[in-house]
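Undergrad: Quick one: structure below, then a few questions.
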Amino acid sequence: MALKAEEIKQVKGEGFLLNRGTECFNGRIITENGTLTARQMVKVGEAAEKFGSGTVALTTRMTVEVPGIPYERIPDFQAFLAEEGMVTGGTGAKVRPIIVCKGTTCVFGLYDTQGLARDLHKLYYEGYHSVPLPHKFKIGVGGCPNNCCKPDLNDIGIVGQRVPVLNLEKCRGCKVCQVEQACPLQAASLEEGKLALSRETCNHCGRCIGSCPFGAVAGEETRYKVYAGGRWGKQVRIGTPLSRLFTREEVIALVEKAILLFKREGLPGERFGMTVERLGLEKTEALLCSDQLLTQKAEILAK
């Protein structure tokens, strides 16, 4: 192979992965929140024909790859994409592109997932792009407990929640209870002629909220369940759920705290889940729920 190892490493940092058995590369195009405009999609197709193999691959983490790009054509490929505001990247021991479900438009979505993912992308994928970490750091944004994009298998996973609130004064003990019918987990049932809800079974999917024609079930505003330390690959770890739900503003701050915690406490080559296990969940959660890491931000990033 004519290419040198340092050349392959350098372009990998820009999102170009060597195409096995060739001297060409797969160019990884980043999406802010799993979406591209129609014009950007056209541009990707044109780039594939102009610089690559003429095909486009979709990755499991909401990015797009164009295979077959010669090393010497990489700068032209990047410049061509930049005409429609697109960039390459998504590799290395740093914050990776946000993975997000289509909760914004999904009938089961409990909030604007793409909006939250866009904010996290700007703040932490772009804002922390130059910050080296002990290993890759992945963020998953899910719209509801269906967990379609498997948020709990990311270093930080976010899942939308709507907690039902019962008003038993409005419950009429209907023979056919609409709330009971609406609950996919059978957490709702009639007990002694009144609606009851098993908090152990309920996963806060929100399907029951508003289903009672008499208003016996209302709901709080969307909250967010956060999982810490998940991973998928050779070693699988389901993320550990934190003990309470969070507001949107708290979640955005919590993600930054998790990155800072990983930067400060993570050992070289270990994933965040291993850091969580070493520190213990109690200490990890205490740090993530306080402002200590934010007050030490400059010191942590200086290392």
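We name chains A, B, ... following the order of the structure tokens; residues begin at 1 in each chain, and ligands are numbered from 1 as shown.
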Extract, using only C-alpha atoms, all DNA, RNA and protein residues at most 12 Å from A:Lys194, discarding same-chain residues fewer than 5 positions from it, and format them as a ChimeraX atom specification.

TA: /A:166-177,179-180,188-189,216

Undergrad: If you keep N, CA, C and O atoms, can you produce a file of those selected residues as an mmCIF file, in the first residue's frame?

TA:
data_model
loop_
_atom_site.group_PDB
_atom_site.id
_atom_site.type_symbol
_atom_site.label_atom_id
_atom_site.label_comp_id
_atom_site.auth_asym_id
_atom_site.auth_seq_id
_atom_site.Cartn_x
_atom_site.Cartn_y
_atom_site.Cartn_z
ATOM 1 N N LEU A 166 -53.386 10.425 38.706
ATOM 2 C CA LEU A 166 -54.770 9.971 38.883
ATOM 3 C C LEU A 166 -55.589 10.982 39.691
ATOM 4 O O LEU A 166 -55.107 11.533 40.678
ATOM 5 N N ASN A 167 -56.814 11.197 39.239
ATOM 6 C CA ASN A 167 -57.785 11.980 40.002
ATOM 7 C C ASN A 167 -58.982 11.063 40.242
ATOM 8 O O ASN A 167 -59.899 10.972 39.418
ATOM 9 N N LEU A 168 -58.947 10.368 41.358
ATOM 10 C CA LEU A 168 -59.949 9.335 41.621
ATOM 11 C C LEU A 168 -61.333 9.914 41.850
ATOM 12 O O LEU A 168 -62.338 9.196 41.733
ATOM 13 N N GLU A 169 -61.417 11.203 42.146
ATOM 14 C CA GLU A 169 -62.731 11.819 42.304
ATOM 15 C C GLU A 169 -63.500 11.831 40.983
ATOM 16 O O GLU A 169 -64.735 11.867 40.982
ATOM 17 N N LYS A 170 -62.756 11.796 39.874
ATOM 18 C CA LYS A 170 -63.393 11.813 38.562
ATOM 19 C C LYS A 170 -63.608 10.409 38.000
ATOM 20 O O LYS A 170 -64.233 10.247 36.953
ATOM 21 N N CYS A 171 -63.069 9.410 38.674
ATOM 22 C CA CYS A 171 -63.228 8.031 38.208
ATOM 23 C C CYS A 171 -64.637 7.538 38.513
ATOM 24 O O CYS A 171 -65.106 7.620 39.650
ATOM 25 N N ARG A 172 -65.299 7.005 37.483
ATOM 26 C CA ARG A 172 -66.663 6.510 37.655
ATOM 27 C C ARG A 172 -66.742 4.984 37.680
ATOM 28 O O ARG A 172 -67.831 4.409 37.665
ATOM 29 N N GLY A 173 -65.573 4.356 37.696
ATOM 30 C CA GLY A 173 -65.560 2.899 37.779
ATOM 31 C C GLY A 173 -66.258 2.223 36.625
ATOM 32 O O GLY A 173 -67.001 1.243 36.814
ATOM 33 N N CYS A 174 -66.048 2.718 35.414
ATOM 34 C CA CYS A 174 -66.722 2.182 34.223
ATOM 35 C C CYS A 174 -66.457 0.683 34.072
ATOM 36 O O CYS A 174 -65.354 0.200 34.330
ATOM 37 N N LYS A 175 -67.483 -0.025 33.632
ATOM 38 C CA LYS A 175 -67.346 -1.467 33.441
ATOM 39 C C LYS A 175 -66.232 -1.785 32.459
ATOM 40 O O LYS A 175 -65.451 -2.715 32.653
ATOM 41 N N VAL A 176 -66.182 -0.990 31.373
ATOM 42 C CA VAL A 176 -65.065 -1.092 30.430
ATOM 43 C C VAL A 176 -64.244 0.189 30.603
ATOM 44 O O VAL A 176 -64.635 1.256 30.134
ATOM 45 N N CYS A 177 -63.129 0.069 31.283
ATOM 46 C CA CYS A 177 -62.292 1.237 31.603
ATOM 47 C C CYS A 177 -61.392 1.571 30.414
ATOM 48 O O CYS A 177 -60.592 0.730 29.969
ATOM 49 N N VAL A 179 -58.942 3.645 30.310
ATOM 50 C CA VAL A 179 -57.542 3.736 30.745
ATOM 51 C C VAL A 179 -56.916 2.347 30.757
ATOM 52 O O VAL A 179 -55.800 2.142 30.265
ATOM 53 N N GLU A 180 -57.671 1.388 31.305
ATOM 54 C CA GLU A 180 -57.189 0.010 31.328
ATOM 55 C C GLU A 180 -56.973 -0.509 29.918
ATOM 56 O O GLU A 180 -55.989 -1.204 29.632
ATOM 57 N N ALA A 188 -52.645 -0.453 34.524
ATOM 58 C CA ALA A 188 -53.882 0.139 35.022
ATOM 59 C C ALA A 188 -54.940 -0.940 35.175
ATOM 60 O O ALA A 188 -55.081 -1.823 34.322
ATOM 61 N N SER A 189 -55.692 -0.858 36.262
ATOM 62 C CA SER A 189 -56.761 -1.846 36.500
ATOM 63 C C SER A 189 -57.778 -1.245 37.464
ATOM 64 O O SER A 189 -57.510 -0.248 38.143
ATOM 65 N N ALA A 216 -60.090 11.323 34.503
ATOM 66 C CA ALA A 216 -59.505 10.713 35.698
ATOM 67 C C ALA A 216 -57.990 10.581 35.613
ATOM 68 O O ALA A 216 -57.331 10.389 36.643
#

Undergrad: Looking only at alpha helix (DSSP H) from DSSP on the backbone, list the matching residues of stretch 56-241 of chain A as a PyMOL selection string.

TA: chain A and resi 74-82+113-120+178-182

Undergrad: May I ask for the distance between atom CA of A:Gly230 and atom CA of A:Val95, given in Å to one decimal place?

TA: 14.5 Å

Undergrad: Residues near A:Gly13, anyone? I mean within 10 Å using only C-alpha atoms, not counting same-chain ones fewer than 3 positions away, as a ChimeraX atom specification.

TA: /A:8-10,16-17,88-93

Undergrad: To one decimal in Å, tell me the separation between atom CA of A:Asp155 and atom CA of A:Arg271.

TA: 7.7 Å

Undergrad: Excluding stretch 249-251 of chain A and its own-chain neighbours fewer than 4 positions away, which residues fall within 10 Å of it when counting only C-alpha atoms? Please give them as a list in words.

TA: Leu116, Leu120, Ile158, Arg223, Tyr224, Lys225, Val226, Leu245, Val255, Glu256, Lys257, Leu288 and Cys289 of chain A

Undergrad: Can you list, as a PyMOL selection string, all residues belonging to stretch 75-194 of chain A that DSSP tags as strand (DSSP E or B)?

TA: chain A and resi 88+95+99-100+137+139-142+156-161+164-166+188-191+194

Undergrad: Any idea what the distance is between atom CA of A:Val276 and atom CA of A:Tyr125?

TA: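 Atom-to-atom, atom CA of A:Val276 to atom CA of A:Tyr125, that is 21.4 Å.
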
Undergrad: Hey, what's within 10 Å of stretch 69-74 of chain A if we count only C-alpha atoms and toss same-chain stuff fewer than 2 positions away? As a list in words, please?

TA: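 Selected residues are Leu3, Glu7, Ile8, Val11, Glu14, Phe16, Leu17, Leu18, Asn19, Thr22, Glu23, Cys24, Phe25, Asn26, Gly27, Ala47, Ala48, Lys50, Phe51, Gly52, Ser53, Gly54, Val66, Pro67, Asp76, Phe77, Gln78, Ala79 and Phe80 of chain A.
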
Undergrad: So that I can see what lies close to A:Leu110, please list as a list in words the residues with an atom at most 10 Å from it, counting only C-alpha atoms and leaving out residues fewer than 5 positions away in the same chain.

TA: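 What passes the distance filter is Gly103, Thr104, Thr105, Gly142, Gly143, Cys144, Pro145, Val159, Gly160, Gln161, Arg162, Cys205, Gly206, Arg207, Glu221, Thr222, Arg223 and Tyr224 of chain A.
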
Undergrad: Write out as a list of chain:residue names each polymer residue whose atoms come within 7 Å of A:Ile98, counting only C-alpha atoms; drop sequence neighbours fewer than 6 positions from it.

TA: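 Those residues are A:Asn33, A:Ala117, A:His121, A:Lys138, A:Ile139, A:Gly140.
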
Undergrad: For each of A:Thr240, A:Ser198, A:Thr63, A:Thr31, take the minimum atom-to-atom distance to A:Ile156, counting only C-alpha atoms, then give the residue where this is smallest.

TA: A:Thr240
